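Structure data (compact mmCIF, N, CA and C atoms) from query-v9.txt:
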# COMPACT_ATOMS: atom_id res chain seq x y z
N MET Z 1 4.96 55.18 -58.10
CA MET Z 1 4.03 55.24 -59.21
C MET Z 1 4.72 54.73 -60.48
N VAL Z 2 3.93 54.13 -61.34
CA VAL Z 2 4.45 53.66 -62.62
C VAL Z 2 4.18 54.72 -63.69
N LYS Z 3 4.93 54.68 -64.77
CA LYS Z 3 4.77 55.67 -65.84
C LYS Z 3 3.38 55.64 -66.47
N THR Z 4 2.75 54.48 -66.44
CA THR Z 4 1.44 54.34 -67.09
C THR Z 4 0.28 54.67 -66.16
N ALA Z 5 0.57 55.22 -64.99
CA ALA Z 5 -0.49 55.54 -64.02
C ALA Z 5 -1.42 56.61 -64.59
N HIS Z 6 -2.70 56.47 -64.29
CA HIS Z 6 -3.71 57.44 -64.70
C HIS Z 6 -3.43 58.76 -63.99
N SER Z 7 -3.69 59.87 -64.67
CA SER Z 7 -3.39 61.18 -64.09
C SER Z 7 -4.12 61.42 -62.77
N ASP Z 8 -5.34 60.91 -62.63
CA ASP Z 8 -6.06 61.04 -61.36
C ASP Z 8 -5.34 60.31 -60.24
N ASP Z 9 -4.75 59.14 -60.56
CA ASP Z 9 -4.01 58.37 -59.57
C ASP Z 9 -2.79 59.14 -59.08
N VAL Z 10 -2.10 59.80 -60.01
CA VAL Z 10 -0.93 60.59 -59.65
C VAL Z 10 -1.32 61.73 -58.72
N GLY Z 11 -2.41 62.41 -59.07
CA GLY Z 11 -2.89 63.51 -58.23
C GLY Z 11 -3.25 63.07 -56.83
N VAL Z 12 -3.94 61.94 -56.72
CA VAL Z 12 -4.32 61.39 -55.41
C VAL Z 12 -3.07 61.05 -54.61
N ALA Z 13 -2.10 60.41 -55.26
CA ALA Z 13 -0.87 60.02 -54.56
C ALA Z 13 -0.12 61.25 -54.06
N ILE Z 14 -0.03 62.28 -54.88
CA ILE Z 14 0.68 63.50 -54.47
C ILE Z 14 -0.03 64.17 -53.30
N ARG Z 15 -1.37 64.30 -53.40
CA ARG Z 15 -2.12 64.93 -52.29
C ARG Z 15 -1.95 64.14 -51.00
N GLN Z 16 -1.98 62.81 -51.08
CA GLN Z 16 -1.87 62.00 -49.87
C GLN Z 16 -0.45 62.05 -49.30
N THR Z 17 0.54 62.25 -50.15
CA THR Z 17 1.91 62.35 -49.67
C THR Z 17 2.07 63.56 -48.76
N PHE Z 18 1.43 64.66 -49.10
CA PHE Z 18 1.57 65.89 -48.33
C PHE Z 18 0.48 66.09 -47.29
N SER Z 19 -0.44 65.16 -47.21
CA SER Z 19 -1.56 65.29 -46.28
C SER Z 19 -1.26 64.56 -44.97
N PRO Z 20 -1.38 65.25 -43.83
CA PRO Z 20 -1.14 64.57 -42.56
C PRO Z 20 -2.27 63.61 -42.20
N SER Z 21 -3.43 63.79 -42.80
CA SER Z 21 -4.57 62.95 -42.52
C SER Z 21 -5.36 62.77 -43.81
N LEU Z 22 -5.93 61.58 -43.99
CA LEU Z 22 -6.71 61.33 -45.18
C LEU Z 22 -8.18 61.65 -44.98
N PHE Z 23 -8.60 61.85 -43.75
CA PHE Z 23 -10.02 62.06 -43.50
C PHE Z 23 -10.21 63.11 -42.43
N LEU Z 24 -10.97 64.15 -42.76
CA LEU Z 24 -11.32 65.18 -41.79
C LEU Z 24 -12.84 65.29 -41.78
N PRO Z 25 -13.50 64.72 -40.75
CA PRO Z 25 -14.96 64.73 -40.73
C PRO Z 25 -15.50 66.15 -40.77
N GLY Z 26 -16.54 66.33 -41.58
CA GLY Z 26 -17.19 67.62 -41.66
C GLY Z 26 -16.49 68.62 -42.57
N VAL Z 27 -15.35 68.26 -43.13
CA VAL Z 27 -14.62 69.17 -44.01
C VAL Z 27 -14.72 68.65 -45.43
N THR Z 28 -15.23 69.47 -46.33
CA THR Z 28 -15.34 69.09 -47.74
C THR Z 28 -14.19 69.75 -48.48
N PRO Z 29 -13.39 68.94 -49.21
CA PRO Z 29 -12.30 69.55 -49.95
C PRO Z 29 -12.81 70.48 -51.05
N SER Z 30 -11.99 71.43 -51.40
CA SER Z 30 -12.33 72.36 -52.46
C SER Z 30 -12.53 71.62 -53.78
N PRO Z 31 -13.57 71.96 -54.56
CA PRO Z 31 -13.78 71.30 -55.85
C PRO Z 31 -12.56 71.45 -56.76
N ALA Z 32 -11.83 72.55 -56.65
CA ALA Z 32 -10.64 72.72 -57.47
C ALA Z 32 -9.58 71.68 -57.12
N LEU Z 33 -9.55 71.28 -55.83
CA LEU Z 33 -8.59 70.27 -55.41
C LEU Z 33 -8.90 68.91 -55.99
N VAL Z 34 -10.16 68.54 -56.06
CA VAL Z 34 -10.53 67.21 -56.53
C VAL Z 34 -11.00 67.20 -57.97
N GLY Z 35 -11.08 68.34 -58.61
CA GLY Z 35 -11.46 68.39 -60.02
C GLY Z 35 -12.92 68.08 -60.28
N ALA Z 36 -13.79 68.41 -59.34
CA ALA Z 36 -15.21 68.09 -59.51
C ALA Z 36 -16.03 69.36 -59.60
N SER Z 37 -17.24 69.21 -60.03
CA SER Z 37 -18.15 70.34 -60.19
C SER Z 37 -18.86 70.62 -58.87
N THR Z 38 -19.20 71.89 -58.65
CA THR Z 38 -19.91 72.26 -57.43
C THR Z 38 -21.41 72.07 -57.59
N THR Z 39 -21.87 71.69 -58.77
CA THR Z 39 -23.30 71.55 -59.00
C THR Z 39 -23.80 70.14 -58.70
N ASP Z 40 -22.92 69.24 -58.26
CA ASP Z 40 -23.34 67.87 -57.95
C ASP Z 40 -24.35 67.88 -56.81
N ALA Z 41 -25.26 66.92 -56.85
CA ALA Z 41 -26.37 66.88 -55.91
C ALA Z 41 -25.95 66.65 -54.47
N HIS Z 42 -25.00 65.80 -54.21
CA HIS Z 42 -24.59 65.45 -52.86
C HIS Z 42 -23.14 65.88 -52.65
N PRO Z 43 -22.80 66.45 -51.49
CA PRO Z 43 -21.43 66.91 -51.28
C PRO Z 43 -20.37 65.82 -51.47
N ALA Z 44 -20.69 64.58 -51.15
CA ALA Z 44 -19.72 63.49 -51.30
C ALA Z 44 -19.38 63.24 -52.76
N VAL Z 45 -20.29 63.55 -53.67
CA VAL Z 45 -20.03 63.35 -55.10
C VAL Z 45 -18.86 64.21 -55.54
N ALA Z 46 -18.78 65.43 -55.03
CA ALA Z 46 -17.69 66.34 -55.39
C ALA Z 46 -16.35 65.86 -54.87
N MET Z 47 -16.37 65.01 -53.87
CA MET Z 47 -15.12 64.52 -53.30
C MET Z 47 -14.53 63.36 -54.09
N LEU Z 48 -15.32 62.71 -54.94
CA LEU Z 48 -14.82 61.58 -55.71
C LEU Z 48 -14.04 62.05 -56.93
N THR Z 49 -12.89 61.43 -57.17
CA THR Z 49 -12.13 61.73 -58.37
C THR Z 49 -12.78 61.06 -59.57
N LYS Z 50 -12.35 61.45 -60.75
CA LYS Z 50 -12.87 60.84 -61.97
C LYS Z 50 -12.60 59.34 -61.95
N ARG Z 51 -11.42 58.93 -61.51
CA ARG Z 51 -11.05 57.51 -61.46
C ARG Z 51 -11.92 56.77 -60.45
N GLU Z 52 -12.19 57.38 -59.30
CA GLU Z 52 -13.05 56.75 -58.29
C GLU Z 52 -14.46 56.58 -58.82
N ARG Z 53 -14.96 57.55 -59.57
CA ARG Z 53 -16.29 57.40 -60.18
C ARG Z 53 -16.29 56.26 -61.18
N GLU Z 54 -15.22 56.15 -61.95
CA GLU Z 54 -15.10 55.07 -62.94
C GLU Z 54 -15.10 53.71 -62.24
N ILE Z 55 -14.34 53.59 -61.16
CA ILE Z 55 -14.27 52.34 -60.41
C ILE Z 55 -15.61 52.03 -59.77
N LEU Z 56 -16.27 53.03 -59.23
CA LEU Z 56 -17.59 52.83 -58.62
C LEU Z 56 -18.58 52.32 -59.66
N GLN Z 57 -18.54 52.86 -60.87
CA GLN Z 57 -19.42 52.39 -61.94
C GLN Z 57 -19.13 50.92 -62.25
N LEU Z 58 -17.86 50.55 -62.37
CA LEU Z 58 -17.49 49.18 -62.71
C LEU Z 58 -17.82 48.21 -61.58
N VAL Z 59 -17.64 48.64 -60.34
CA VAL Z 59 -18.00 47.81 -59.18
C VAL Z 59 -19.51 47.58 -59.19
N SER Z 60 -20.26 48.62 -59.48
CA SER Z 60 -21.72 48.51 -59.53
C SER Z 60 -22.19 47.60 -60.65
N ASP Z 61 -21.36 47.48 -61.69
CA ASP Z 61 -21.66 46.55 -62.78
C ASP Z 61 -21.35 45.11 -62.41
N GLY Z 62 -20.75 44.90 -61.23
CA GLY Z 62 -20.51 43.54 -60.74
C GLY Z 62 -19.11 43.00 -60.97
N HIS Z 63 -18.17 43.84 -61.35
CA HIS Z 63 -16.80 43.37 -61.59
C HIS Z 63 -16.04 43.17 -60.28
N SER Z 64 -15.20 42.15 -60.24
CA SER Z 64 -14.37 41.87 -59.07
C SER Z 64 -13.14 42.78 -59.10
N ASN Z 65 -12.40 42.81 -57.99
CA ASN Z 65 -11.18 43.61 -57.92
C ASN Z 65 -10.17 43.17 -58.97
N SER Z 66 -10.02 41.86 -59.15
CA SER Z 66 -9.04 41.38 -60.13
C SER Z 66 -9.48 41.75 -61.56
N GLN Z 67 -10.76 41.70 -61.84
CA GLN Z 67 -11.25 42.12 -63.15
C GLN Z 67 -11.00 43.62 -63.37
N LEU Z 68 -11.27 44.41 -62.34
CA LEU Z 68 -11.03 45.86 -62.43
C LEU Z 68 -9.57 46.14 -62.70
N ALA Z 69 -8.69 45.45 -61.99
CA ALA Z 69 -7.25 45.66 -62.17
C ALA Z 69 -6.84 45.38 -63.62
N ARG Z 70 -7.33 44.30 -64.17
CA ARG Z 70 -6.99 43.96 -65.56
C ARG Z 70 -7.58 44.99 -66.53
N MET Z 71 -8.82 45.39 -66.30
CA MET Z 71 -9.50 46.33 -67.20
C MET Z 71 -8.83 47.71 -67.19
N LEU Z 72 -8.35 48.14 -66.03
CA LEU Z 72 -7.80 49.49 -65.87
C LEU Z 72 -6.28 49.53 -65.94
N TRP Z 73 -5.65 48.38 -66.13
CA TRP Z 73 -4.19 48.27 -66.22
C TRP Z 73 -3.50 48.79 -64.95
N VAL Z 74 -4.03 48.39 -63.80
CA VAL Z 74 -3.43 48.73 -62.51
C VAL Z 74 -3.35 47.45 -61.69
N THR Z 75 -2.72 47.53 -60.53
CA THR Z 75 -2.64 46.37 -59.65
C THR Z 75 -3.92 46.26 -58.83
N GLU Z 76 -4.15 45.08 -58.28
CA GLU Z 76 -5.31 44.90 -57.39
C GLU Z 76 -5.18 45.80 -56.17
N GLN Z 77 -3.95 46.01 -55.71
CA GLN Z 77 -3.73 46.88 -54.56
C GLN Z 77 -4.20 48.31 -54.86
N THR Z 78 -3.98 48.77 -56.10
CA THR Z 78 -4.44 50.11 -56.49
C THR Z 78 -5.97 50.16 -56.49
N VAL Z 79 -6.60 49.11 -56.97
CA VAL Z 79 -8.07 49.04 -56.96
C VAL Z 79 -8.57 49.10 -55.52
N LYS Z 80 -7.95 48.31 -54.63
CA LYS Z 80 -8.35 48.31 -53.22
C LYS Z 80 -8.15 49.69 -52.59
N PHE Z 81 -7.07 50.36 -52.97
CA PHE Z 81 -6.78 51.70 -52.47
C PHE Z 81 -7.92 52.65 -52.86
N HIS Z 82 -8.32 52.61 -54.14
CA HIS Z 82 -9.41 53.47 -54.61
C HIS Z 82 -10.72 53.11 -53.92
N LEU Z 83 -11.00 51.82 -53.77
CA LEU Z 83 -12.24 51.41 -53.12
C LEU Z 83 -12.29 51.89 -51.67
N SER Z 84 -11.19 51.78 -50.96
CA SER Z 84 -11.21 52.24 -49.56
C SER Z 84 -11.43 53.75 -49.50
N ASN Z 85 -10.87 54.49 -50.46
CA ASN Z 85 -11.13 55.94 -50.51
C ASN Z 85 -12.60 56.21 -50.81
N ILE Z 86 -13.18 55.45 -51.73
CA ILE Z 86 -14.60 55.60 -52.07
C ILE Z 86 -15.46 55.32 -50.85
N TYR Z 87 -15.20 54.20 -50.16
CA TYR Z 87 -15.99 53.84 -48.99
C TYR Z 87 -15.91 54.94 -47.92
N ARG Z 88 -14.71 55.48 -47.70
CA ARG Z 88 -14.52 56.52 -46.70
C ARG Z 88 -15.28 57.78 -47.09
N LYS Z 89 -15.14 58.19 -48.35
CA LYS Z 89 -15.78 59.42 -48.80
C LYS Z 89 -17.30 59.33 -48.79
N LEU Z 90 -17.84 58.15 -49.11
CA LEU Z 90 -19.29 57.98 -49.15
C LEU Z 90 -19.85 57.53 -47.80
N ASP Z 91 -18.98 57.24 -46.85
CA ASP Z 91 -19.36 56.76 -45.52
C ASP Z 91 -20.18 55.48 -45.63
N VAL Z 92 -19.63 54.51 -46.39
CA VAL Z 92 -20.24 53.19 -46.54
C VAL Z 92 -19.22 52.14 -46.13
N ALA Z 93 -19.69 50.90 -45.93
CA ALA Z 93 -18.82 49.85 -45.40
C ALA Z 93 -18.32 48.87 -46.46
N ASN Z 94 -19.01 48.77 -47.59
CA ASN Z 94 -18.62 47.76 -48.58
C ASN Z 94 -19.09 48.14 -49.97
N ARG Z 95 -18.75 47.29 -50.95
CA ARG Z 95 -19.06 47.59 -52.36
C ARG Z 95 -20.56 47.58 -52.63
N THR Z 96 -21.31 46.78 -51.89
CA THR Z 96 -22.76 46.75 -52.08
C THR Z 96 -23.38 48.07 -51.65
N GLU Z 97 -22.97 48.56 -50.48
CA GLU Z 97 -23.48 49.85 -50.00
C GLU Z 97 -23.04 50.98 -50.92
N ALA Z 98 -21.81 50.92 -51.42
CA ALA Z 98 -21.31 51.95 -52.33
C ALA Z 98 -22.12 51.96 -53.63
N SER Z 99 -22.42 50.77 -54.14
CA SER Z 99 -23.21 50.67 -55.37
C SER Z 99 -24.61 51.23 -55.17
N ARG Z 100 -25.20 50.90 -54.05
CA ARG Z 100 -26.54 51.40 -53.74
C ARG Z 100 -26.53 52.92 -53.59
N TRP Z 101 -25.50 53.44 -52.91
CA TRP Z 101 -25.36 54.89 -52.73
C TRP Z 101 -25.27 55.57 -54.10
N ALA Z 102 -24.45 55.02 -54.98
CA ALA Z 102 -24.28 55.59 -56.33
C ALA Z 102 -25.57 55.55 -57.12
N GLN Z 103 -26.33 54.48 -56.96
CA GLN Z 103 -27.61 54.36 -57.67
C GLN Z 103 -28.59 55.41 -57.17
N ILE Z 104 -28.70 55.56 -55.87
CA ILE Z 104 -29.62 56.52 -55.27
C ILE Z 104 -29.28 57.95 -55.67
N HIS Z 105 -27.97 58.26 -55.77
CA HIS Z 105 -27.53 59.63 -56.05
C HIS Z 105 -27.26 59.88 -57.54
N GLY Z 106 -27.71 58.97 -58.39
CA GLY Z 106 -27.65 59.20 -59.83
C GLY Z 106 -26.28 59.15 -60.48
N LEU Z 107 -25.33 58.46 -59.86
CA LEU Z 107 -23.99 58.37 -60.44
C LEU Z 107 -23.83 57.26 -61.45
N LEU Z 108 -24.77 56.33 -61.49
CA LEU Z 108 -24.63 55.19 -62.38
C LEU Z 108 -25.31 55.46 -63.71
N GLU Z 109 -24.66 54.98 -64.78
CA GLU Z 109 -25.26 55.10 -66.10
C GLU Z 109 -26.44 54.14 -66.16
N PRO Z 110 -27.52 54.53 -66.84
CA PRO Z 110 -28.67 53.63 -66.92
C PRO Z 110 -28.30 52.34 -67.65
N ALA Z 111 -28.80 51.24 -67.13
CA ALA Z 111 -28.51 49.94 -67.73
C ALA Z 111 -29.35 49.77 -68.99
N THR Z 112 -28.71 49.20 -70.00
CA THR Z 112 -29.45 48.88 -71.22
C THR Z 112 -29.76 47.41 -71.21
N PRO Z 113 -30.98 47.02 -71.59
CA PRO Z 113 -31.33 45.60 -71.54
C PRO Z 113 -30.48 44.78 -72.51
N GLU Z 114 -30.08 43.61 -72.07
CA GLU Z 114 -29.30 42.69 -72.90
C GLU Z 114 -30.22 42.04 -73.93
N PRO Z 115 -29.80 42.01 -75.20
CA PRO Z 115 -30.64 41.35 -76.21
C PRO Z 115 -30.64 39.84 -76.02
N LEU Z 116 -31.80 39.23 -76.28
CA LEU Z 116 -31.93 37.79 -76.23
C LEU Z 116 -31.60 37.21 -77.60
N VAL Z 117 -31.50 35.91 -77.67
CA VAL Z 117 -31.28 35.24 -78.94
C VAL Z 117 -32.40 35.60 -79.90
N GLY Z 118 -32.06 35.88 -81.15
CA GLY Z 118 -33.08 36.23 -82.13
C GLY Z 118 -33.31 37.73 -82.21
N GLY Z 119 -32.54 38.54 -81.44
CA GLY Z 119 -32.63 39.98 -81.54
C GLY Z 119 -33.71 40.62 -80.69
N LEU Z 120 -34.48 39.87 -79.94
CA LEU Z 120 -35.51 40.44 -79.08
C LEU Z 120 -34.86 40.92 -77.81
N SER Z 121 -35.30 42.04 -77.30
CA SER Z 121 -34.73 42.54 -76.05
C SER Z 121 -35.38 41.83 -74.87
N ALA Z 122 -34.69 41.91 -73.70
CA ALA Z 122 -35.17 41.22 -72.51
C ALA Z 122 -36.50 41.79 -72.03
N GLY Z 123 -36.79 43.05 -72.36
CA GLY Z 123 -38.02 43.68 -71.89
C GLY Z 123 -39.22 43.37 -72.76
N VAL Z 124 -39.06 42.64 -73.84
CA VAL Z 124 -40.19 42.35 -74.75
C VAL Z 124 -40.78 41.01 -74.44
Translate the structure described by the file into structure tokens.
Amino acid sequence: MVKTAHSDDVGVAIRQTFSPSLFLPGVTPSPALVGASTTDAHPAVAMLTKREREILQLVSDGHSNSQLARMLWVTEQTVKFHLSNIYRKLDVANRTEASRWAQIHGLLEPATPEPLVGGLSAGV
């Protein structure tokens, strides 16, 4: 790990160091372990770290892995690591399915329309 690593990244790395397995089907980790709320609508939501939610939001916005790496000051390998954890936790195969899952389960911030030239919004 580098000194500038996000605290969520450090926690994930430490947990995985001591974990004999990264995936146990049917077992939901304790919310205290992952730092999530128990009031989330879907059990998989509680399994995502704050950093994974952030990456899922940015992926859903259409950013590539290299763009994410630059934006978050991490390597592309770290982005891929988080994405594979997200895919596993949500039981999806790719970024498109993950984005759709996040949209359906209310994890994405509502999109604001882009203003057109002259100050008119796209919806007008």
Subject >> Top pick for closest residue to Thr49 (chain Z), considering Z:Leu107, Z:Asp91, Z:Ser99, Z:Asp8 and counting all atoms listed in the file >> reply: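 With all atoms listed in the file as the atom set, the closest residue is Z:Asp8.
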Original post:
How far is it from CA of Gly62 (chain Z) to CA of Leu48 (chain Z), in Å with one decimal?
Top reply: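 Distance reported for this atom pair: 19.6 Å.
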**OP:** Just give me the residues with any atom within 8 Å of (-21.4, 52.9, -60.7), file coordinates, counting only N, CA and C atoms, written as a ChimeraX atom specification.
**Re:** /Z:53-61,98-100,102-103,106-109
Subject >> Spatial neighbours of Glu76 (chain Z), 9 Å, only C-alpha atoms, chain gap at least 3 places, as an MDAnalysis selection string >> reply: chainID Z and resid 65:70 79:81
For region 85-88 of chain Z, what centre and edge lengths in Å (one decimal) does the axis-aligned box get once 5 Å is added on each side of all its listed atoms, as lines of an AutoDock Vina configuration file?
center_x = -13.4
center_y = 55.8
center_z = -49.4
size_x = 15.1
size_y = 13.9
size_z = 15.4
Original post:
Rounded to one decimal in Å, what is the spacing between CA of Leu72 (chain Z) and CA of Met47 (chain Z)?
Top reply: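 Going from CA of Leu72 (chain Z) over to CA of Met47 (chain Z) covers 20.9 Å.
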Original post:
What separation in Å, quoted to one decimal, exists between atom N of Leu90 (chain Z) and CA of Thr4 (chain Z)?
Top reply: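 That distance, rounded to one decimal, is 26.6 Å.
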**OP:** For the point (-17.9, 62.5, -49.0) in the file's frame, write as a list of chain:residue names all residues with an atom no more than 8 Å away, counting only N, CA and C atoms.
**Re:** Z:Val27, Z:Thr28, Z:Pro29, Z:His42, Z:Pro43, Z:Ala44, Z:Val45, Z:Ala46, Z:Met47, Z:Leu48, Z:Ile86, Z:Tyr87, Z:Arg88, Z:Lys89, Z:Leu90, Z:Asp91
